[in-house]
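What's in entry34.cif: mmCIF, C-alpha atoms and all ligand atoms
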```
data_data
#
loop_
_atom_site.label_atom_id
_atom_site.label_comp_id
_atom_site.auth_asym_id
_atom_site.auth_seq_id
_atom_site.Cartn_x
_atom_site.Cartn_y
_atom_site.Cartn_z
CA MET J 1 -7.28 28.92 -2.13
CA PRO J 2 -4.35 27.59 -4.16
CA GLN J 3 -5.51 25.76 -7.27
CA GLU J 4 -5.81 22.04 -6.61
CA LYS J 5 -3.22 19.88 -8.31
CA LEU J 6 -3.59 16.22 -9.23
CA LEU J 7 -1.67 14.30 -6.57
CA LEU J 8 0.01 11.37 -8.29
CA ILE J 9 2.69 10.61 -5.76
CA PRO J 10 2.78 6.99 -4.55
CA GLY J 11 0.48 7.85 -1.67
CA PRO J 12 -1.35 9.71 -0.37
CA SER J 13 -3.61 9.30 -3.39
CA PRO J 14 -6.25 11.87 -4.39
CA VAL J 15 -9.27 11.87 -2.06
CA VAL J 16 -12.71 12.03 -3.71
CA PRO J 17 -15.37 14.51 -2.49
CA ARG J 18 -17.58 11.79 -0.93
CA ILE J 19 -14.74 10.90 1.44
CA LEU J 20 -13.81 14.52 2.15
CA ASP J 21 -17.48 15.23 2.93
CA ALA J 22 -17.58 12.32 5.39
CA LEU J 23 -14.39 13.65 7.00
CA ALA J 24 -16.04 17.04 7.48
CA LEU J 25 -19.10 15.68 9.32
CA PRO J 26 -19.42 16.96 12.89
CA THR J 27 -17.21 15.12 15.34
CA VAL J 28 -19.29 12.63 17.31
CA SER J 29 -18.69 10.77 20.57
CA HIS J 30 -15.97 8.16 20.17
CA VAL J 31 -18.15 5.66 22.10
CA GLY J 32 -21.51 6.73 20.65
CA PRO J 33 -23.80 4.88 18.23
CA ASP J 34 -22.67 6.71 15.02
CA MET J 35 -19.06 5.82 15.60
CA ALA J 36 -19.93 2.26 16.61
CA ARG J 37 -21.95 1.74 13.43
CA ASP J 38 -19.25 3.13 11.14
CA LEU J 39 -16.38 1.27 12.77
CA LYS J 40 -18.25 -2.05 12.73
CA GLU J 41 -19.23 -1.53 9.11
CA ALA J 42 -15.66 -0.57 8.16
CA CYS J 43 -14.33 -3.75 9.82
CA GLU J 44 -16.86 -5.92 7.94
CA SER J 45 -15.95 -4.27 4.63
CA LEU J 46 -12.23 -4.57 5.27
CA ARG J 47 -12.61 -8.31 5.73
CA LYS J 48 -14.24 -8.50 2.30
CA ILE J 49 -11.47 -6.46 0.71
CA VAL J 50 -8.75 -8.84 1.94
CA PHE J 51 -10.91 -11.95 1.44
CA SER J 52 -10.94 -13.02 5.05
CA ALA J 53 -14.11 -14.69 6.34
CA GLU J 54 -13.18 -14.77 10.02
CA GLY J 55 -10.18 -12.44 10.41
CA GLU J 56 -9.96 -9.82 13.15
CA PRO J 57 -9.61 -6.28 11.74
CA PHE J 58 -7.86 -3.49 13.66
CA ILE J 59 -8.30 0.14 12.58
CA VAL J 60 -6.41 2.59 14.81
CA ALA J 61 -5.00 6.12 14.58
CA GLY J 62 -1.52 5.95 13.08
CA ALA J 63 0.09 5.18 9.74
CA GLY J 64 1.63 2.30 7.86
CA THR J 65 4.73 2.20 10.02
CA LEU J 66 2.59 1.65 13.11
CA SER J 67 0.85 -1.25 11.34
CA MET J 68 4.28 -2.74 10.56
CA GLU J 69 5.23 -2.47 14.21
CA MET J 70 1.91 -3.89 15.38
CA ALA J 71 2.15 -6.86 13.01
CA LEU J 72 5.63 -7.76 14.25
CA LEU J 73 5.15 -7.13 17.97
CA ASN J 74 1.96 -9.16 18.08
CA THR J 75 3.35 -12.22 16.32
CA ALA J 76 7.09 -12.43 17.06
CA GLY J 77 8.10 -13.24 20.63
CA PRO J 78 11.49 -13.82 22.28
CA ALA J 79 11.54 -17.46 21.17
CA ASP J 80 10.83 -16.65 17.51
CA ARG J 81 13.00 -16.04 14.50
CA VAL J 82 11.71 -13.75 11.77
CA LEU J 83 12.64 -13.78 8.08
CA VAL J 84 12.23 -10.40 6.38
CA LEU J 85 11.97 -10.58 2.57
CA SER J 86 13.27 -7.21 1.44
CA GLN J 87 13.09 -5.86 -2.08
CA GLY J 88 13.82 -2.30 -1.06
CA TYR J 89 13.18 0.60 1.24
CA PHE J 90 10.20 -0.70 3.19
CA GLY J 91 11.53 -4.23 3.63
CA ASP J 92 14.60 -2.62 5.14
CA ARG J 93 12.32 -0.66 7.46
CA MET J 94 10.78 -3.96 8.64
CA ALA J 95 14.30 -5.10 9.55
CA GLN J 96 14.90 -1.80 11.40
CA ILE J 97 11.75 -2.37 13.44
CA CYS J 98 12.99 -5.87 14.31
CA GLN J 99 16.29 -4.31 15.41
CA ALA J 100 14.54 -1.62 17.49
CA PHE J 101 12.63 -4.28 19.45
CA ARG J 102 15.50 -6.79 19.48
CA ILE J 103 13.50 -9.32 17.49
CA ASP J 104 15.75 -12.11 16.22
CA HIS J 105 15.66 -11.81 12.44
CA ASP J 106 17.39 -12.43 9.14
CA VAL J 107 16.92 -10.48 5.93
CA LEU J 108 16.67 -12.15 2.55
CA GLU J 109 17.11 -9.33 0.09
CA CYS J 110 17.41 -8.74 -3.61
CA GLU J 111 18.55 -5.88 -5.78
CA TRP J 112 16.17 -2.94 -6.27
CA GLY J 113 13.77 -3.35 -9.15
CA ARG J 114 12.67 -6.91 -8.56
CA ALA J 115 11.31 -8.94 -5.64
CA VAL J 116 12.73 -11.99 -3.86
CA THR J 117 11.45 -15.00 -5.80
CA SER J 118 9.58 -17.92 -4.25
CA ARG J 119 12.49 -20.14 -5.30
CA GLU J 120 14.92 -17.99 -3.29
CA LEU J 121 12.53 -18.17 -0.35
CA ASP J 122 12.26 -21.94 -0.69
CA GLN J 123 16.06 -22.29 -0.77
CA ARG J 124 16.43 -20.18 2.38
CA LEU J 125 13.78 -22.20 4.21
CA LYS J 126 15.70 -25.40 3.42
CA THR J 127 18.68 -24.06 5.37
CA LYS J 128 16.99 -22.43 8.35
CA ASN J 129 13.66 -22.45 10.21
CA TYR J 130 11.61 -19.32 10.76
CA ASN J 131 8.47 -18.82 12.84
CA VAL J 132 7.45 -15.59 11.13
CA VAL J 133 7.99 -14.49 7.51
CA VAL J 134 7.31 -10.90 6.44
CA CYS J 135 7.15 -9.48 2.95
CA THR J 136 6.41 -6.13 1.36
CA HIS J 137 3.73 -6.68 -1.26
CA VAL J 138 4.71 -3.62 -3.30
CA ASP J 139 7.79 -1.65 -2.41
CA THR J 140 6.93 1.97 -3.03
CA ALA J 141 10.55 2.89 -3.68
CA THR J 142 11.13 0.35 -6.42
CA GLY J 143 7.68 -0.36 -7.89
CA ALA J 144 8.28 -4.10 -7.55
CA CYS J 145 5.40 -6.39 -6.64
CA ALA J 146 6.23 -9.53 -4.67
CA PRO J 147 4.76 -12.91 -5.70
CA VAL J 148 2.70 -13.22 -2.52
CA GLU J 149 0.59 -16.16 -3.64
CA GLU J 150 3.72 -18.12 -4.60
CA TYR J 151 5.34 -17.30 -1.24
CA SER J 152 2.29 -18.66 0.53
CA GLN J 153 2.56 -21.95 -1.36
CA VAL J 154 6.17 -22.29 -0.21
CA LEU J 155 5.31 -21.31 3.35
CA GLU J 156 2.38 -23.71 3.66
CA ARG J 157 4.56 -26.61 4.77
CA THR J 158 6.53 -24.58 7.32
CA GLY J 159 3.74 -23.35 9.61
CA ALA J 160 5.36 -19.90 9.78
CA VAL J 161 3.14 -16.91 10.45
CA PHE J 162 2.99 -15.01 7.13
CA ILE J 163 2.77 -11.20 7.29
CA VAL J 164 2.15 -9.09 4.18
CA ASP J 165 2.83 -5.35 4.14
CA GLY J 166 0.05 -4.19 1.85
CA VAL J 167 0.52 -0.45 2.35
CA CYS J 168 0.97 0.08 -1.40
CA ALA J 169 -1.29 -2.80 -2.48
CA THR J 170 -4.32 -3.50 -0.29
CA GLY J 171 -7.48 -2.60 -2.20
CA GLY J 172 -5.61 -2.26 -5.51
CA ILE J 173 -3.95 -5.68 -5.94
CA PRO J 174 -5.45 -8.98 -4.70
CA GLU J 175 -4.55 -10.17 -1.21
CA ARG J 176 -6.66 -13.29 -0.68
CA MET J 177 -5.97 -13.96 2.97
CA ASP J 178 -7.93 -17.19 3.40
CA ALA J 179 -7.12 -18.77 0.04
CA TRP J 180 -3.43 -17.89 0.21
CA GLY J 181 -2.92 -18.55 3.91
CA ILE J 182 -1.85 -15.00 4.77
CA ASP J 183 -1.90 -14.47 8.54
CA VAL J 184 -1.61 -10.71 8.75
CA VAL J 185 -2.32 -8.05 6.14
CA LEU J 186 -1.13 -4.67 7.32
CA THR J 187 -1.86 -1.47 5.50
CA ALA J 188 -2.68 2.23 5.82
CA ALA J 189 -5.54 4.47 4.72
CA GLN J 190 -3.82 6.71 2.21
CA LYS J 191 -2.94 4.64 -0.83
CA CYS J 192 -5.19 2.19 -2.70
CA LEU J 193 -7.99 2.66 -0.16
CA GLY J 194 -8.21 6.35 -1.08
CA THR J 195 -8.64 7.92 2.40
CA PRO J 196 -6.43 10.72 3.78
CA PRO J 197 -3.44 9.53 5.87
CA GLY J 198 -4.10 8.82 9.54
CA LEU J 199 -4.97 5.16 10.06
CA ALA J 200 -3.02 1.99 10.76
CA ILE J 201 -5.05 -0.94 9.45
CA LEU J 202 -4.50 -4.65 10.00
CA VAL J 203 -6.39 -7.91 9.64
CA PHE J 204 -5.22 -10.89 11.73
CA SER J 205 -6.13 -14.49 10.82
CA ALA J 206 -7.36 -16.87 13.54
CA ARG J 207 -3.87 -18.43 13.55
CA ALA J 208 -2.19 -15.05 14.05
CA MET J 209 -4.61 -14.29 16.90
CA GLU J 210 -3.69 -17.60 18.48
CA LYS J 211 -0.01 -16.69 18.11
CA ARG J 212 -0.61 -13.34 19.85
CA ARG J 213 -2.46 -14.99 22.73
CA GLY J 214 0.37 -17.51 23.11
CA LEU J 215 2.90 -14.70 23.58
CA LYS J 216 1.15 -13.48 26.74
CA SER J 217 2.81 -10.09 27.36
CA ILE J 218 4.47 -8.11 24.55
CA PRO J 219 6.68 -4.97 24.65
CA ALA J 220 3.83 -2.71 23.56
CA TYR J 221 0.82 -0.94 25.01
CA TYR J 222 -1.01 1.13 22.35
CA SER J 223 0.16 -1.40 19.73
CA ASP J 224 -1.14 -4.44 21.62
CA ILE J 225 -4.00 -5.86 19.56
CA LEU J 226 -5.49 -7.56 22.61
CA ARG J 227 -6.22 -4.09 24.05
CA TRP J 228 -7.97 -3.12 20.81
CA LEU J 229 -9.88 -6.37 20.26
CA PRO J 230 -12.78 -5.53 22.64
CA ILE J 231 -13.15 -2.11 20.97
CA MET J 232 -13.26 -3.62 17.49
CA HIS J 233 -15.98 -6.02 18.66
CA ASP J 234 -17.91 -3.34 20.55
CA PRO J 235 -16.86 0.24 19.69
CA THR J 236 -18.96 1.64 22.53
CA LYS J 237 -16.14 0.46 24.84
CA TYR J 238 -13.09 2.66 25.51
CA PHE J 239 -9.40 1.98 25.24
CA SER J 240 -7.87 5.04 23.52
CA THR J 241 -9.85 7.73 21.69
CA PRO J 242 -10.21 6.69 18.04
CA CYS J 243 -9.88 9.35 15.31
CA VAL J 244 -13.61 9.62 14.85
CA ASN J 245 -13.74 11.72 11.69
CA GLU J 246 -11.07 9.69 9.91
CA ILE J 247 -12.86 6.44 10.73
CA ARG J 248 -16.15 7.78 9.39
CA ALA J 249 -14.35 8.81 6.20
CA PHE J 250 -12.76 5.37 6.04
CA ALA J 251 -16.18 3.72 6.31
CA GLU J 252 -17.23 5.81 3.31
CA ALA J 253 -14.07 4.76 1.46
CA MET J 254 -14.98 1.12 2.08
CA ARG J 255 -18.51 1.73 0.67
CA ILE J 256 -16.98 3.23 -2.48
CA ILE J 257 -14.73 0.19 -2.95
CA LEU J 258 -17.55 -2.31 -2.50
CA GLU J 259 -19.83 -0.32 -4.81
CA GLU J 260 -17.15 -0.44 -7.51
CA GLY J 261 -16.57 -4.16 -6.87
CA ILE J 262 -13.25 -5.37 -5.56
CA GLU J 263 -12.33 -7.48 -8.61
CA GLU J 264 -13.34 -4.59 -10.90
CA ARG J 265 -11.12 -2.32 -8.82
CA PHE J 266 -8.12 -4.62 -9.29
CA GLU J 267 -8.81 -4.68 -13.04
CA ARG J 268 -9.05 -0.88 -13.15
CA HIS J 269 -5.69 -0.57 -11.41
CA ASP J 270 -4.17 -2.90 -14.04
CA LEU J 271 -5.74 -1.00 -16.90
CA TYR J 272 -4.66 2.45 -15.73
CA ALA J 273 -1.13 1.22 -15.11
CA GLN J 274 -0.94 -0.11 -18.66
CA ALA J 275 -2.46 3.05 -20.11
CA LEU J 276 -0.13 5.39 -18.24
CA ARG J 277 2.94 3.34 -19.07
CA ALA J 278 1.97 3.25 -22.74
CA GLY J 279 1.61 7.03 -22.70
CA LEU J 280 4.92 7.56 -20.92
CA GLU J 281 6.74 5.15 -23.22
CA ALA J 282 5.35 6.90 -26.30
CA LEU J 283 6.80 10.12 -24.87
CA GLY J 284 10.28 8.60 -24.54
CA PHE J 285 10.34 7.46 -20.90
CA SER J 286 11.34 3.96 -19.77
CA PHE J 287 10.86 2.08 -16.51
CA PHE J 288 13.09 1.16 -13.60
CA THR J 289 11.24 -1.94 -12.41
CA ASP J 290 11.88 -5.37 -13.94
CA PRO J 291 8.80 -5.86 -16.20
CA SER J 292 7.98 -9.24 -14.65
CA PHE J 293 7.61 -7.59 -11.22
CA GLU J 294 5.87 -4.31 -12.14
CA ALA J 295 3.11 -3.34 -9.71
CA SER J 296 -0.15 -1.87 -10.99
CA THR J 297 -0.21 0.75 -8.23
CA LEU J 298 2.78 2.90 -9.17
CA SER J 299 5.41 3.37 -11.84
CA VAL J 300 9.06 4.19 -11.28
CA VAL J 301 9.97 6.09 -14.42
CA ARG J 302 13.39 6.76 -15.98
CA TYR J 303 13.94 9.98 -17.86
CA PRO J 304 14.82 10.22 -21.53
CA ASP J 305 18.42 11.46 -22.01
CA GLY J 306 18.71 15.16 -21.32
CA VAL J 307 15.61 15.52 -19.12
CA GLU J 308 16.60 16.66 -15.65
CA ASP J 309 14.65 15.43 -12.62
CA LYS J 310 14.06 18.65 -10.68
CA ALA J 311 13.22 20.73 -13.77
CA PHE J 312 10.83 18.05 -15.03
CA ARG J 313 8.97 17.64 -11.73
CA ALA J 314 8.72 21.41 -11.22
CA GLY J 315 7.39 21.82 -14.77
CA LEU J 316 4.89 19.01 -14.27
CA ALA J 317 3.69 20.59 -11.03
CA ALA J 318 3.19 23.88 -12.86
CA ASN J 319 1.08 21.91 -15.35
CA GLY J 320 -1.09 20.56 -12.53
CA VAL J 321 0.38 17.17 -11.61
CA ILE J 322 2.52 16.30 -8.59
CA VAL J 323 4.77 13.23 -8.76
CA ALA J 324 7.50 12.09 -6.35
CA GLY J 325 11.26 11.84 -6.83
CA GLY J 326 13.26 8.64 -6.46
CA LEU J 327 14.24 7.28 -3.05
CA GLY J 328 17.71 6.07 -1.99
CA PRO J 329 19.90 5.03 -4.92
CA THR J 330 17.31 6.13 -7.50
CA ALA J 331 17.12 9.76 -6.26
CA GLY J 332 17.53 12.18 -9.16
CA ARG J 333 17.39 9.36 -11.71
CA VAL J 334 13.67 8.56 -11.74
CA PHE J 335 10.29 9.95 -10.80
CA ARG J 336 7.62 7.89 -9.11
CA MET J 337 4.01 8.18 -10.21
CA GLY J 338 1.27 6.65 -8.10
CA HIS J 339 -1.85 5.42 -9.91
CA MET J 340 -3.94 3.98 -7.17
CA GLY J 341 -7.10 4.51 -5.19
CA ASN J 342 -10.09 6.23 -6.74
CA LEU J 343 -8.35 7.53 -9.85
CA THR J 344 -10.47 8.18 -12.95
CA SER J 345 -9.73 7.74 -16.65
CA ALA J 346 -10.06 11.53 -17.04
CA GLN J 347 -7.25 11.98 -14.49
CA VAL J 348 -5.09 9.43 -16.35
CA ARG J 349 -5.55 11.43 -19.56
CA PHE J 350 -4.93 14.71 -17.76
CA ALA J 351 -1.67 13.35 -16.32
CA ILE J 352 -0.31 12.24 -19.69
CA ASP J 353 -1.27 15.53 -21.32
CA ALA J 354 0.53 17.36 -18.51
CA VAL J 355 3.67 15.21 -19.03
CA GLU J 356 3.56 15.98 -22.75
CA LYS J 357 3.15 19.70 -22.11
CA THR J 358 6.03 19.62 -19.63
CA LEU J 359 8.40 17.97 -22.10
CA ALA J 360 7.46 20.55 -24.73
CA GLY J 361 8.07 23.30 -22.17
CA LEU J 362 11.55 21.88 -21.56
CA GLY J 363 12.29 22.27 -25.27
CA ARG J 364 11.80 18.64 -26.35
CA ALA J 365 10.36 17.99 -29.78
CA VAL J 366 7.07 16.20 -29.06
CA LYS J 367 4.32 15.68 -31.61
CA PRO J 368 1.15 16.93 -29.90
CA GLY J 369 -1.20 14.12 -28.89
CA THR J 370 1.51 11.40 -28.83
CA GLY J 371 0.89 10.52 -25.17
CA SER J 372 -2.89 10.67 -25.27
CA LYS J 373 -3.05 8.53 -28.42
CA ALA J 374 -1.14 5.75 -26.62
CA VAL J 375 -3.31 6.12 -23.51
CA ASP J 376 -6.50 6.02 -25.57
CA SER J 377 -5.58 2.66 -27.05
CA PHE J 378 -6.24 1.31 -23.52
CA LEU J 379 -9.03 3.55 -22.29
CA THR J 380 -12.29 3.45 -24.13
CA ALA J 381 -14.36 5.52 -21.71
C1 LIG J 401 5.10 -0.55 1.32
C2 LIG J 401 5.07 0.46 2.42
N1 LIG J 401 5.14 0.04 3.69
C3 LIG J 401 5.10 0.90 4.71
C4 LIG J 401 5.01 2.26 4.50
C5 LIG J 401 5.01 3.20 5.66
O1 LIG J 401 3.76 3.81 5.74
P1 LIG J 401 3.59 5.24 6.46
O2 LIG J 401 4.36 6.23 5.68
O3 LIG J 401 2.10 5.44 6.40
O4 LIG J 401 4.10 5.09 7.85
C6 LIG J 401 4.94 2.75 3.20
C7 LIG J 401 4.85 4.19 2.93
O5 LIG J 401 4.89 4.66 1.84
C8 LIG J 401 4.96 1.81 2.15
O6 LIG J 401 4.89 2.23 0.90
#
```

Entire entry expressed as structure tokens:
Amino acid sequence: MPQEKLLLIPGPSPVVPRILDALALPTVSHVGPDMARDLKEACESLRKIVFSAEGEPFIVAGAGTLSMEMALLNTAGPADRVLVLSQGYFGDRMAQICQAFRIDHDVLECEWGRAVTSRELDQRLKTKNYNVVVCTHVDTATGACAPVEEYSQVLERTGAVFIVDGVCATGGIPERMDAWGIDVVLTAAQKCLGTPPGLAILVFSARAMEKRRGLKSIPAYYSDILRWLPIMHDPTKYFSTPCVNEIRAFAEAMRIILEEGIEERFERHDLYAQALRAGLEALGFSFFTDPSFEASTLSVVRYPDGVEDKAFRAGLAANGVIVAGGLGPTAGRVFRMGHMGNLTSAQVRFAIDAVEKTLAGLGRAVKPGTGSKAVDSFLTA
């Protein structure tokens, strides 16, 4: 067995033993009582996590990109115009999905490192009408967090269906569907929810369900939520074989989140982000993302002068921590560190110690304990 390394890429996040144990349970019938109980429970819990009293959850085999596709195909018909708010890589992917399905759309974009502001959204909506507006809550390439609540205030008067890509946010940063008027939260299992990759996850509001029903037929089969709805209500029915083990593990992941407390989980994500950034800053790193848009789920980190990307990441891996390189225009210039899901304060400390050791190994003069001292000013336990 290779020695396990701490996986701090921006998803998948490390998976705790309770979830791995649930994954390893014997495979059961996809229409049997065990599966039905776990899927129903997971749907109930998911509603709590996105603060939706009456929403319809969908949990199907796939990944975040399938959820993006499902959200669009089930809300945007031939008569609709979609506005994609793009702050980076995954907003652009939303636009590519619109193109692939010939969905009429415009993109309102901003430079990498910040998110489109609610003022910019408001200005755009004064010039053109849209039936569907889509945003990326946290773009995993840039580390920027969009002001979702402010968007919803602007959108309230328009009646547009509001879709939030929460792949790098759901379960780590608040998404209050009912209070904020979000119509679809789409996400995936492998980031803040802490499960291994393998699930596309969505919650549709009553309004979004109404929109889907109004579209009648859509250019999708597996992705059609109306085919999944009877299964989500009664998992003893069959449409397409669900990934039984993954769903049982996901149900366990939901239990862990609710045991921690959802608000406490958001606070923990904030605290660990601050602690890690303090440690990194003390060691001479700086950050790519505009500070007023920084997400608590990942950091996009610039190197001190003279530290080379590949050598640093290889050294860090040798010291037990895996981080990701930059995407697109940031490749080679930054590394991306995820700090989401079921991370512990011991792992935060371990990560900073490993960064410090790596810098020393690259010949940088670092006073031992510099990183951990900064981290400890945030973490008491
Ligand atoms: C914000 C965001 N949206 C969508 C996706 C696509 O998810 P997946 O890779 O699971 O298809 C990602 C993946 O990192 C993401 O970060």

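Nearest residue to ligand LIG 401 (chain J), choosing from J:Met68, J:Leu108, J:Ile163, J:Val154 and counting all atoms listed in the file: J:Met68.
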
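If one restricts the calculation to all atoms listed in the file, the set of residues situated within 7 Å of ligand LIG 401 (chain J) consists of Gly11, Ala63, Gly64, Thr65, Leu66, Met68, Phe90, Thr136, His137, Val138, Asp139, Thr140, Asp165, Gly166, Val167, Cys168, Ala188 and Pro197 of chain J.
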
Just give me the gap between atom CA of Ser240 of chain J and atom CA of Val82 of chain J in Å, one decimal is fine.
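Answer for the atom CA of Ser240 of chain J to atom CA of Val82 of chain J separation: 29.6 Å.
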
Selected residue of minimal separation from Leu271 of chain J among J:Cys43, J:Ile256, J:Val375, J:Ile49, counting all atoms listed in the file
J:Val375

Non-local contacts of Ile257 of chain J (12 Å; only C-alpha atoms; under 3 positions in same chain excluded) as a ChimeraX atom specification
/J:19,42,45-46,48-50,170-172,192-195,250-254,260-266,268,341-343

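Coordinates place atom CA of Leu327 of chain J at a distance of 22.2 Å from atom CA of Lys5 of chain J.
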
Proximity to Thr142 of chain J - best of J:Arg336, J:Lys211, J:Lys216, J:Arg227, all atoms listed in the file:
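For Thr142 of chain J, the nearest of the given residues is J:Arg336.
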
Non-local contacts of segment 52-57 of chain J (10 Å; all atoms listed in the file; under 3 positions in same chain excluded) as a VMD selection string:
chain J and resid 40 42 to 49 60 175 to 179 181 to 186 201 to 209 225 228 to 229 232 to 233
